[in-house]
>>> print(open('entry.txt').read())   # compact mmCIF, C-alpha atoms
# COMPACT_ATOMS: atom_id res chain seq x y z
CA MET S 5 3.48 -33.37 39.29
CA ASP S 6 5.37 -32.89 42.50
CA SER S 7 7.04 -29.46 42.37
CA THR S 8 9.90 -30.80 44.48
CA VAL S 9 11.14 -32.97 41.55
CA ARG S 10 14.38 -31.37 40.49
CA ALA S 11 14.37 -30.65 36.76
CA GLU S 12 16.81 -28.93 34.41
CA ILE S 13 15.53 -25.75 32.77
CA VAL S 14 17.33 -23.74 30.10
CA LEU S 15 16.22 -20.12 29.81
CA VAL S 16 17.39 -17.99 26.87
CA ASP S 17 16.75 -14.25 26.51
CA ASP S 18 19.08 -11.52 25.33
CA GLU S 19 17.70 -9.35 28.14
CA ASP S 20 19.56 -10.09 31.34
CA MET S 21 16.71 -8.63 33.38
CA VAL S 22 14.27 -11.26 32.09
CA ILE S 23 16.65 -14.06 33.04
CA THR S 24 17.21 -12.63 36.52
CA SER S 25 13.46 -12.22 37.13
CA VAL S 26 12.33 -15.60 35.78
CA ARG S 27 15.17 -17.44 37.51
CA ALA S 28 14.41 -15.74 40.85
CA PHE S 29 10.75 -16.68 40.51
CA LEU S 30 11.34 -20.32 39.54
CA GLU S 31 13.99 -20.77 42.21
CA MET S 32 11.66 -19.32 44.81
CA GLU S 33 8.74 -21.56 43.79
CA THR S 34 10.52 -24.79 42.83
CA GLU S 35 13.67 -26.81 43.37
CA HIS S 36 14.55 -26.82 39.66
CA ASN S 37 17.95 -25.85 38.31
CA VAL S 38 17.60 -22.83 36.02
CA HIS S 39 20.43 -22.23 33.55
CA GLY S 40 20.11 -18.74 32.03
CA PHE S 41 21.83 -17.64 28.80
CA THR S 42 21.81 -14.26 27.08
CA ASN S 43 23.64 -15.73 24.08
CA PRO S 44 21.76 -18.49 22.17
CA ASN S 45 25.07 -20.09 21.09
CA ASP S 46 26.00 -20.65 24.75
CA ALA S 47 22.60 -22.26 25.29
CA ILE S 48 23.24 -24.63 22.36
CA ALA S 49 26.66 -25.53 23.80
CA HIS S 50 24.91 -26.39 27.09
CA LEU S 51 22.29 -28.50 25.27
CA GLU S 52 25.07 -30.42 23.51
CA THR S 53 26.45 -31.69 26.79
CA HIS S 54 23.67 -31.62 29.40
CA PRO S 55 20.29 -33.35 29.48
CA VAL S 56 17.52 -30.78 29.84
CA ASP S 57 13.78 -31.06 30.58
CA VAL S 58 12.52 -27.79 29.18
CA VAL S 59 13.91 -24.94 27.07
CA VAL S 60 12.25 -21.53 27.41
CA SER S 61 13.40 -19.05 24.78
CA ASP S 62 12.76 -15.46 23.77
CA TYR S 63 11.90 -14.93 20.09
CA LEU S 64 13.89 -11.90 18.91
CA MET S 65 17.58 -12.12 19.74
CA PRO S 66 20.59 -10.72 17.86
CA GLN S 67 22.50 -13.90 16.98
CA MET S 68 19.55 -16.15 16.12
CA ASN S 69 15.83 -16.06 16.74
CA GLY S 70 14.00 -18.27 19.22
CA ILE S 71 12.58 -20.56 16.52
CA GLN S 72 16.09 -21.25 15.16
CA LEU S 73 17.33 -21.96 18.68
CA LEU S 74 14.41 -24.27 19.47
CA ALA S 75 14.95 -26.10 16.15
CA ARG S 76 18.55 -26.78 17.27
CA SER S 77 17.25 -27.87 20.66
CA LYS S 78 14.80 -30.26 18.95
CA ALA S 79 17.64 -31.78 16.92
CA LEU S 80 19.87 -32.17 20.00
CA GLN S 81 17.28 -33.24 22.59
CA PRO S 82 13.94 -34.01 20.89
CA GLU S 83 12.27 -35.02 24.15
CA ALA S 84 13.02 -31.69 25.94
CA ALA S 85 9.85 -29.53 25.80
CA ARG S 86 10.16 -26.24 23.95
CA VAL S 87 8.47 -23.03 25.12
CA LEU S 88 8.61 -19.64 23.40
CA LEU S 89 8.40 -16.43 25.43
CA THR S 90 7.43 -13.74 22.92
CA GLY S 91 6.52 -10.09 22.80
CA HIS S 92 3.02 -9.43 21.48
CA ALA S 93 4.39 -8.04 18.20
CA ASP S 94 6.17 -11.38 17.46
CA LYS S 95 3.04 -13.45 18.06
CA GLN S 96 2.21 -14.00 14.39
CA SER S 97 5.74 -15.13 13.49
CA ALA S 98 5.67 -17.44 16.51
CA ILE S 99 2.35 -19.02 15.52
CA VAL S 100 3.59 -19.60 11.95
CA ALA S 101 6.67 -21.35 13.35
CA ILE S 102 4.93 -23.54 15.94
CA ASN S 103 4.83 -26.61 13.67
CA GLN S 104 8.43 -26.12 12.56
CA VAL S 105 9.80 -26.84 16.00
CA GLY S 106 6.97 -28.77 17.66
CA LEU S 107 6.43 -26.00 20.16
CA TYR S 108 4.90 -27.15 23.45
CA GLN S 109 3.55 -23.74 24.40
CA TYR S 110 4.12 -20.03 23.90
CA LEU S 111 3.84 -17.27 26.48
CA GLU S 112 3.49 -13.56 25.89
CA LYS S 113 5.46 -10.77 27.53
CA PRO S 114 4.72 -9.33 30.01
CA TRP S 115 4.35 -12.85 31.31
CA ASP S 116 2.13 -13.98 34.15
CA ASN S 117 4.14 -15.87 36.76
CA ASN S 118 1.33 -18.30 37.61
CA GLN S 119 0.86 -19.17 33.96
CA LEU S 120 4.63 -19.49 33.48
CA LEU S 121 4.85 -21.89 36.42
CA LEU S 122 1.93 -23.95 35.11
CA VAL S 123 3.45 -24.22 31.64
CA VAL S 124 6.94 -25.05 32.92
CA GLN S 125 5.64 -27.67 35.38
CA SER S 126 3.47 -29.40 32.78
CA ALA S 127 6.30 -29.23 30.23
CA ILE S 128 8.64 -30.93 32.71
CA GLU S 129 6.00 -33.55 33.48
CA ARG S 130 5.56 -34.25 29.76
CA THR S 131 9.31 -34.60 29.22
CA GLN S 132 9.76 -36.88 32.21
CA LEU S 133 6.77 -39.03 31.21
CA PHE S 134 8.18 -39.26 27.70
CA ARG S 135 11.57 -40.30 29.05
CA SER S 136 10.03 -42.88 31.37
CA LEU S 137 8.00 -44.22 28.41
CA GLN S 138 11.20 -44.52 26.40
CA THR S 139 12.81 -46.45 29.25
CA LYS S 140 9.79 -48.78 29.49
CA ILE S 141 9.88 -49.37 25.72
CA ALA S 142 13.60 -50.12 25.92
CA GLU S 143 12.94 -52.55 28.80
CA LEU S 144 10.14 -54.22 26.84
CA GLU S 145 12.37 -54.49 23.79
CA ALA S 146 15.13 -55.97 25.93
CA ALA S 147 12.63 -58.42 27.50
CA HIS S 148 11.33 -59.29 24.05
CA GLY S 149 14.92 -59.87 22.94
CA ASN S 150 15.46 -62.16 25.95
CA MET S 151 12.22 -64.04 25.21
CA ALA S 152 13.29 -64.56 21.61
CA ASP S 153 16.66 -65.75 22.86
CA ILE S 154 15.09 -68.22 25.33
CA ARG S 155 12.69 -69.44 22.61
CA ALA S 156 15.65 -70.03 20.28
CA LYS S 157 17.49 -71.91 23.05
CA LEU S 158 14.36 -74.00 23.81
CA ILE S 159 13.92 -74.88 20.15
CA LYS S 160 17.61 -75.83 19.96
CA ALA S 161 17.39 -77.95 23.16
CA PHE S 162 14.22 -79.86 22.40
CA LEU S 163 14.05 -80.15 18.65
CA MET G 5 -18.53 30.41 -0.79
CA SER G 6 -17.19 29.61 2.63
CA SER G 7 -16.81 32.19 5.37
CA ASP G 8 -13.06 32.16 4.67
CA CYS G 9 -13.78 34.32 1.69
CA PRO G 10 -16.46 36.87 2.58
CA SER G 11 -18.30 38.46 -0.33
CA THR G 12 -18.59 42.17 -0.82
CA ALA G 13 -21.14 44.24 -2.69
CA SER G 14 -19.02 43.89 -5.80
CA GLY G 15 -18.72 40.05 -5.40
CA PRO G 16 -16.47 37.70 -3.45
CA ARG G 17 -13.42 39.38 -1.99
CA VAL G 18 -10.27 38.25 -3.71
CA ARG G 19 -7.71 37.16 -1.13
CA THR G 20 -4.35 38.75 -1.26
CA ALA G 21 -1.22 36.83 -2.16
CA GLU G 22 -0.06 37.37 1.42
CA GLU G 23 -3.23 35.76 2.82
CA LEU G 24 -2.92 32.80 0.47
CA ARG G 25 0.74 32.35 1.39
CA ALA G 26 -0.21 32.37 5.08
CA GLU G 27 -2.92 29.80 4.44
CA VAL G 28 -0.54 27.53 2.50
CA ALA G 29 2.03 27.85 5.30
CA ASN G 30 -0.64 26.99 7.84
CA LEU G 31 -1.79 23.93 5.87
CA GLU G 32 1.82 22.79 5.40
CA GLY G 33 2.38 23.12 9.14
CA ARG G 34 -0.71 21.02 9.83
CA LEU G 35 0.36 18.42 7.28
CA ALA G 36 3.82 18.19 8.90
CA GLU G 37 2.16 17.77 12.29
CA ALA G 38 -0.10 15.01 10.89
CA ASP G 39 2.96 13.23 9.44
CA LYS G 40 4.71 13.47 12.79
CA MET G 41 1.77 11.91 14.60
CA ALA G 42 1.40 9.19 11.92
CA LEU G 43 5.11 8.41 12.31
CA LEU G 44 4.72 8.14 16.07
CA GLY G 45 1.55 6.07 15.61
CA ARG G 46 3.41 3.55 13.45
CA LEU G 47 6.17 3.32 16.06
CA ILE G 48 3.86 2.95 19.03
CA ALA G 49 3.53 -0.85 18.70
CA SER G 50 7.34 -1.15 18.86
CA VAL G 51 7.52 1.27 21.79
CA VAL G 52 4.93 -0.79 23.66
CA HIS G 53 6.87 -3.97 22.90
CA GLU G 54 10.03 -2.31 24.21
CA ILE G 55 8.27 -1.36 27.43
CA ASN G 56 6.72 -4.83 27.89
CA THR G 57 10.01 -6.53 28.78
CA PRO G 58 10.93 -4.28 31.73
CA ILE G 59 7.29 -4.21 32.89
CA GLY G 60 7.21 -8.02 32.82
CA SER G 61 10.32 -8.08 35.01
CA VAL G 62 8.96 -5.53 37.47
CA PHE G 63 5.66 -7.42 37.87
CA SER G 64 7.42 -10.73 38.36
CA ASN G 65 9.97 -9.23 40.77
CA ASN G 66 7.23 -7.64 42.83
CA GLN G 67 5.51 -11.00 43.27
CA VAL G 68 8.80 -12.72 44.16
CA ALA G 69 9.71 -9.92 46.59
CA ALA G 70 6.34 -10.22 48.37
CA LYS G 71 6.75 -13.96 48.74
CA GLY G 72 10.42 -13.61 49.75
CA LEU G 73 9.58 -11.08 52.47
CA GLU G 74 6.85 -13.33 53.79
CA THR G 75 9.29 -16.26 53.98
CA LEU G 76 11.92 -14.03 55.63
CA SER G 77 9.51 -12.78 58.27
CA ARG G 78 8.65 -16.41 59.13
CA MET G 79 12.36 -17.23 59.36
CA LEU G 80 12.94 -14.27 61.72
CA GLU G 81 10.60 -15.90 64.22
CA GLU G 82 12.94 -18.87 64.45
CA PRO G 83 15.73 -18.75 67.10
CA ALA G 84 18.44 -18.96 64.41
CA PRO G 85 17.70 -17.90 60.84
CA PRO G 86 18.32 -20.78 58.39
CA PRO G 87 21.06 -20.37 55.71
CA LYS G 88 18.35 -19.97 53.06
CA ALA G 89 17.52 -16.56 54.58
CA GLN G 90 20.82 -15.13 53.29
CA GLN G 91 20.04 -16.54 49.84
CA ILE G 92 16.63 -14.84 49.84
CA VAL G 93 18.17 -11.50 50.86
CA LYS G 94 20.69 -11.84 48.00
CA THR G 95 17.92 -12.61 45.50
CA LEU G 96 15.83 -9.64 46.69
CA ARG G 97 18.84 -7.32 46.30
CA SER G 98 19.41 -8.47 42.71
CA LEU G 99 15.70 -8.00 41.93
CA SER G 100 15.80 -4.51 43.35
CA ASP G 101 18.68 -3.70 40.95
CA VAL G 102 16.68 -5.11 38.04
CA ASP G 103 13.66 -3.01 39.03
CA ARG G 104 15.75 0.16 39.06
CA MET G 105 17.17 -0.61 35.59
CA ALA G 106 13.71 -1.52 34.28
CA CYS G 107 12.21 1.75 35.53
CA GLU G 108 15.11 3.75 34.06
CA ARG G 109 14.53 2.10 30.69
CA ILE G 110 10.79 2.76 30.68
CA SER G 111 11.38 6.32 31.80
CA ALA G 112 14.01 6.97 29.07
CA LEU G 113 11.68 5.68 26.38
CA ILE G 114 8.77 7.79 27.61
CA ARG G 115 11.09 10.81 27.70
CA SER G 116 11.98 10.14 24.04
CA VAL G 117 8.33 9.97 23.02
CA ARG G 118 7.62 13.18 24.96
CA ASN G 119 10.61 15.00 23.42
CA PHE G 120 9.52 13.93 19.96
CA SER G 121 5.91 14.96 20.46
CA ARG G 122 6.83 18.40 21.77
CA GLY G 123 6.07 21.19 19.30
CA ASP G 124 8.38 24.00 18.18
CA GLY G 125 7.98 27.68 18.90
CA GLU G 126 7.30 30.33 16.28
CA ARG G 127 10.98 31.09 15.97
CA PRO G 128 14.07 28.90 15.83
CA ALA G 129 15.70 28.20 19.20
CA LYS G 130 19.15 27.11 20.30
CA ALA G 131 19.27 23.34 20.55
CA ALA G 132 21.82 20.54 20.71
CA LEU G 133 21.21 18.77 17.41
CA GLN G 134 23.18 15.73 18.66
CA ASP G 135 20.53 15.24 21.38
CA VAL G 136 17.72 15.66 18.88
CA LEU G 137 19.32 13.04 16.61
CA ALA G 138 20.03 10.69 19.54
CA ASN G 139 16.37 10.94 20.55
CA SER G 140 15.22 9.98 17.03
CA ILE G 141 17.68 7.05 17.04
CA LYS G 142 16.23 5.82 20.35
CA LEU G 143 12.70 5.86 18.94
CA ALA G 144 13.68 4.30 15.59
CA GLU G 145 15.62 1.55 17.38
CA THR G 146 12.42 0.25 18.95
CA SER G 147 11.22 -0.76 15.48
CA PHE G 148 14.56 -2.35 14.52
CA ARG G 149 14.21 -4.92 17.32
CA ASN G 150 17.80 -6.17 17.45
CA ARG G 151 17.88 -6.86 13.72
CA ILE G 152 19.83 -3.72 12.89
CA ALA G 153 23.02 -2.49 14.54
CA ILE G 154 23.29 1.28 14.85
CA GLU G 155 26.71 2.91 14.89
CA ALA G 156 26.41 6.55 15.91
CA GLN G 157 29.18 9.16 15.94
CA LEU G 158 27.46 12.30 17.08
CA GLY G 159 29.68 15.32 17.55
CA PRO G 160 28.45 18.44 19.33
CA ALA G 161 26.23 20.51 17.05
CA GLU G 162 24.58 23.46 18.79
CA CYS G 163 22.20 25.02 16.29
CA GLU G 164 19.56 27.67 15.96
CA CYS G 165 16.77 25.45 14.67
CA TYR G 166 13.33 24.01 15.11
CA PRO G 167 14.39 20.95 17.15
CA SER G 168 11.12 19.06 17.02
CA ALA G 169 10.89 19.45 13.23
CA MET G 170 14.52 18.31 12.88
CA GLY G 171 13.72 15.26 15.04
CA GLN G 172 10.93 14.46 12.61
CA VAL G 173 13.34 14.71 9.64
CA PHE G 174 15.83 12.34 11.29
CA LEU G 175 13.17 9.87 12.39
CA ASN G 176 11.67 9.73 8.88
CA ILE G 177 15.09 8.96 7.39
CA LEU G 178 15.95 6.40 10.08
CA VAL G 179 12.63 4.54 9.77
CA ASN G 180 13.07 4.46 5.96
CA ALA G 181 16.62 3.16 6.41
CA GLY G 182 15.34 0.37 8.68
CA GLN G 183 12.64 -0.56 6.17
CA ALA G 184 15.22 -0.68 3.37
CA ILE G 185 17.09 -3.43 5.26
CA GLU G 186 15.27 -6.71 4.70
CA ASN G 187 16.91 -8.91 7.33
CA ASP G 188 19.93 -8.04 9.46
CA GLY G 189 21.87 -4.92 8.70
CA ARG G 190 23.67 -1.82 9.84
CA ILE G 191 22.91 1.89 10.01
CA GLN G 192 25.69 4.41 10.51
CA VAL G 193 24.81 7.88 11.75
CA LYS G 194 27.30 10.73 11.77
CA LEU G 195 26.87 14.32 12.88
CA ALA G 196 29.52 17.04 12.76
CA VAL G 197 29.83 20.78 12.30
CA GLU G 198 31.92 22.14 9.45
CA ASP G 199 32.17 25.68 8.06
CA GLY G 200 29.10 26.87 9.93
CA TRP G 201 26.93 23.94 8.83
CA ALA G 202 25.74 21.01 10.91
CA HIS G 203 25.89 17.98 8.68
CA ALA G 204 24.19 14.65 9.43
CA ALA G 205 24.75 11.56 7.30
CA ILE G 206 22.59 8.45 7.76
CA THR G 207 23.85 5.40 5.86
CA ASP G 208 22.10 2.05 5.59
CA ASN G 209 23.28 -1.13 3.91
CA GLY G 210 19.78 -1.90 2.64
CA GLN G 211 18.46 -2.59 -0.84
CA GLY G 212 19.10 0.92 -2.20
CA ILE G 213 16.81 3.13 -4.26
CA ARG G 214 16.08 2.04 -7.84
CA PRO G 215 17.32 4.60 -10.41
CA GLU G 216 13.77 5.10 -11.79
CA ASN G 217 12.60 6.13 -8.27
CA CYS G 218 15.46 8.54 -7.49
CA GLY G 219 13.68 11.53 -9.04
CA CYS G 220 10.44 10.87 -7.11
CA ILE G 221 11.78 10.28 -3.59
CA PHE G 222 11.03 13.80 -2.35
CA LYS G 223 7.70 14.08 -4.20
CA GLU G 224 4.54 14.30 -2.14
CA GLY G 225 2.55 11.04 -2.12
CA PHE G 226 5.37 8.91 -3.56
CA THR G 227 5.94 5.63 -1.71
CA THR G 228 7.21 2.15 -2.52
CA LYS G 229 5.96 0.77 0.79
CA PRO G 230 2.89 -1.41 1.27
CA MET G 231 -0.34 0.15 2.55
CA GLY G 232 -0.08 1.11 6.22
CA GLU G 233 3.70 1.37 6.29
CA GLY G 234 4.10 4.82 4.81
CA THR G 235 2.10 7.85 3.80
CA GLY G 236 4.39 8.96 1.01
CA LEU G 237 4.66 12.30 2.80
CA GLY G 238 7.65 11.74 5.09
CA LEU G 239 10.47 12.77 2.78
CA SER G 240 8.56 15.57 1.04
CA ILE G 241 7.86 17.04 4.49
CA ALA G 242 11.48 16.41 5.53
CA ARG G 243 12.64 18.37 2.50
CA ARG G 244 10.28 21.23 3.29
CA ILE G 245 11.48 21.31 6.91
CA VAL G 246 15.15 21.30 5.91
CA GLU G 247 15.07 23.54 2.85
CA GLU G 248 12.24 25.96 3.57
CA LYS G 249 12.17 26.10 7.36
CA HIS G 250 15.93 25.91 7.95
CA GLN G 251 17.32 27.06 4.60
CA GLY G 252 19.41 23.92 4.59
CA ARG G 253 19.96 21.08 2.16
CA ILE G 254 18.84 17.45 2.02
CA TRP G 255 20.07 14.93 -0.58
CA PHE G 256 20.97 11.29 -0.98
CA GLU G 257 23.31 8.88 -2.71
CA SER G 258 22.19 5.33 -3.37
CA THR G 259 23.39 2.15 -5.03
CA VAL G 260 20.98 -0.73 -5.56
CA GLY G 261 22.08 -3.72 -3.48
CA VAL G 262 24.65 -1.68 -1.52
CA GLY G 263 22.67 0.92 0.38
CA THR G 264 21.74 4.56 0.73
CA THR G 265 23.13 7.62 2.49
CA PHE G 266 20.89 10.56 3.30
CA HIS G 267 22.60 13.87 4.01
CA VAL G 268 21.03 16.72 5.95
CA SER G 269 22.84 20.05 6.33
CA VAL G 270 21.50 23.05 8.19
CA PRO G 271 23.19 26.36 9.03
CA VAL G 272 24.40 26.47 12.64
CA ALA G 273 23.39 30.13 12.88
CA GLY G 274 19.84 29.20 11.93
CA PRO G 275 17.64 30.34 9.06
CA VAL G 276 17.60 33.99 8.14
CA VAL G 277 14.20 35.26 9.26
CA LYS G 278 12.51 37.67 6.84
CA GLY G 279 12.91 41.27 7.84
CA GLU G 280 15.91 40.47 10.05
CA ALA G 281 18.40 39.83 7.26
>>> encode(input="entry.txt", output="structure tokens")
Amino acid sequence: MDSTVRAEIVLVDDEDMVITSVRAFLEMETEHNVHGFTNPNDAIAHLETHPVDVVVSDYLMPQMNGIQLLARSKALQPEAARVLLTGHADKQSAIVAINQVGLYQYLEKPWDNNQLLLVVQSAIERTQLFRSLQTKIAELEAAHGNMADIRAKLIKAFL
Amino acid sequence: MSSDCPSTASGPRVRTAEELRAEVANLEGRLAEADKMALLGRLIASVVHEINTPIGSVFSNNQVAAKGLETLSRMLEEPAPPPKAQQIVKTLRSLSDVDRMACERISALIRSVRNFSRGDGERPAKAALQDVLANSIKLAETSFRNRIAIEAQLGPAECECYPSAMGQVFLNILVNAGQAIENDGRIQVKLAVEDGWAHAAITDNGQGIRPENCGCIFKEGFTTKPMGEGTGLGLSIARRIVEEKHQGRIWFESTVGVGTTFHVSVPVAGPVVKGEA
């Protein structure tokens, strides 16, 4: 995927320093908009009103854990890819929860920037392909509806 | 017979009560040291996790800074620097602030581990018990991982004590308090001096201690924790440190479903050393 495609990324971590570092890196390497939140409830409020391509969340946070946040994200925007950024000690809980939220990928702290970029880029590509597929399906359905309409009109006109 | 007990012409030498007391004291000291290291060993995974976040930031920032500087140096070759140059300078400044905070955090945690691991001297020494308790809180917090809020009111409490041993007492109680809280919870820690005694109270809102276990809590080898989470020695060693080493008192109050408070009181003037009374 072309890294110049502007995508919307939501980044949630109760540690401000993680948000600052990841945002600086992604903004340096890509043209994406990175929206950082230290409070998961603020991230949910953003997801309620803005279309997003990928949500990257920490696992252990005071108000709610990353799995709970990603479950809310799945309910609000099922097509937005979900990525968990966990500490090594949370790995087991994260693996158990992968199926719960249809996790796209998980990354371990300390994260590797190249791997992070690869995961985020492919997550965005997946989301945008999914959205374009949805549009095509909608167009096909609309065309099918039109065809059915024309067929009905033809039947009415000639029979 | 081992060489500890050399034989004489009339048979093995019977050791004096004084020698046996010294040996028991020595073994107790080694057991306390082993408990301290086991406690630190159990916390090490949490400490590493706590260090991973700032290290992740520093690594990432370093990579971004290198790339940013490269871009800036290319921009400097142009007759007029583009507006993006200012943006890069701003980003690099913010990353430099993050790096400083990250290093301070790693350094504070390492200091806590070092303070905790430090041994005590032969005799009690003047120490700020509030700092000792704060250090134990910092280490215990790593294992609470945002799930438990700690409210600490630590008044000044300068004491003649064995600070490292007292740190071990507090850490044992705090780790137990954290384990008693199943999900989210709260631990309140208070420290104050009254009538020549420094009194610490550590209250959790965990599951409480069942009445049938109340009489066994300070017994050696007693534990309700799964294998690998406790040795069953922590509180028996804590009692020995408080009562025998400091001539203080340690006790608890607990209600099932409400929580537990552990109290530790030690004389500010320190224990009365034999022969100096």
>>> residues_near_point(input="entry.txt", point="(8.5, 22.0, 14.5)", cutoff="7 Å", atoms="all atoms listed in the file", output="MDAnalysis selection string")
chainID G and resid 123:124 166:169
>>> interface_residues(input="entry.txt", of="chain S", to="chain G", cutoff="9 Å", atoms="only C-alpha atoms", output="list in words")
Glu19, Asp20, Met21, Val22, Ile23, Thr24, Ser25, Val26, Ala28, Phe29, Met32, Glu33, Leu64, Met65, Pro66, Gly91, His92, Ala93, Lys113, Pro114, Trp115, Asp116 and Asn117 of chain S
>>> residues_near_point(input="entry.txt", point="(11.8, -15.7, 20.4)", cutoff="7 Å", atoms="all atoms listed in the file", output="PyMOL selection string")
chain S and resi 61-65+69-71+88-90
>>> residues_around(input="entry.txt", residues="Gln104 (chain S)", least_positions_apart="4", cutoff="10 Å", atoms="only C-alpha atoms", output="list in words")
Ile71, Gln72, Leu74, Ala75, Lys78, Ala98, Ile99 and Val100 of chain S
>>> closest_residue(input="entry.txt", among="G:Ile191, G:Ile177, G:Ile154, G:Leu24", to="Phe222 (chain G)", atoms="only C-alpha atoms")
G:Ile177
>>> residues_around(input="entry.txt", residues="region 197-212 of chain G", least_positions_apart="5", cutoff="7 Å", atoms="only C-alpha atoms", output="PyMOL selection string")
chain G and resi 161+181+184-186+189-192+258-272
>>> atom_distance(input="entry.txt", atom1="CA of Gln119 (chain S)", atom2="CA of Ser100 (chain G)")
22.9 Å
>>> residues_around(input="entry.txt", residues="Val173 (chain G)", least_positions_apart="3", cutoff="10 Å", atoms="only C-alpha atoms", output="CSV table (one decimal) with C-alpha atoms, in the frame of the given file")
chain,number,residue,atom,x,y,z
G,40,LYS,CA,4.7,13.5,12.8
G,137,LEU,CA,19.3,13.0,16.6
G,140,SER,CA,15.2,10.0,17.0
G,167,PRO,CA,14.4,21.0,17.2
G,168,SER,CA,11.1,19.1,17.0
G,169,ALA,CA,10.9,19.4,13.2
G,170,MET,CA,14.5,18.3,12.9
G,176,ASN,CA,11.7,9.7,8.9
G,177,ILE,CA,15.1,9.0,7.4
G,178,LEU,CA,16.0,6.4,10.1
G,238,GLY,CA,7.6,11.7,5.1
G,239,LEU,CA,10.5,12.8,2.8
G,240,SER,CA,8.6,15.6,1.0
G,241,ILE,CA,7.9,17.0,4.5
G,242,ALA,CA,11.5,16.4,5.5
G,243,ARG,CA,12.6,18.4,2.5
G,244,ARG,CA,10.3,21.2,3.3
G,245,ILE,CA,11.5,21.3,6.9
G,246,VAL,CA,15.2,21.3,5.9
G,254,ILE,CA,18.8,17.4,2.0
G,268,VAL,CA,21.0,16.7,6.0
>>> atom_distance(input="entry.txt", atom1="CA of Pro275 (chain G)", atom2="CA of His250 (chain G)")
4.9 Å
>>> atom_distance(input="entry.txt", atom1="CA of Glu52 (chain S)", atom2="CA of Gln132 (chain S)")
18.8 Å
>>> residues_around(input="entry.txt", residues="Gln67 (chain S)", least_positions_apart="6", cutoff="9 Å", atoms="all atoms listed in the file", output="ChimeraX atom specification")
/S:43-45
>>> closest_residue(input="entry.txt", among="S:Val14, S:Leu30, S:Ala146, S:Ala156", to="Val59 (chain S)", atoms="only C-alpha atoms")
S:Val14
>>> residues_around(input="entry.txt", residues="Lys142 (chain G)", least_positions_apart="2", cutoff="10 Å", atoms="only C-alpha atoms", output="ChimeraX atom specification")
/G:51,112-113,116-117,137-140,144-147,175
>>> closest_residue(input="entry.txt", among="G:Val276, G:Ala132, G:Leu237, G:Leu143", to="Asp39 (chain G)", atoms="only C-alpha atoms")
G:Leu237
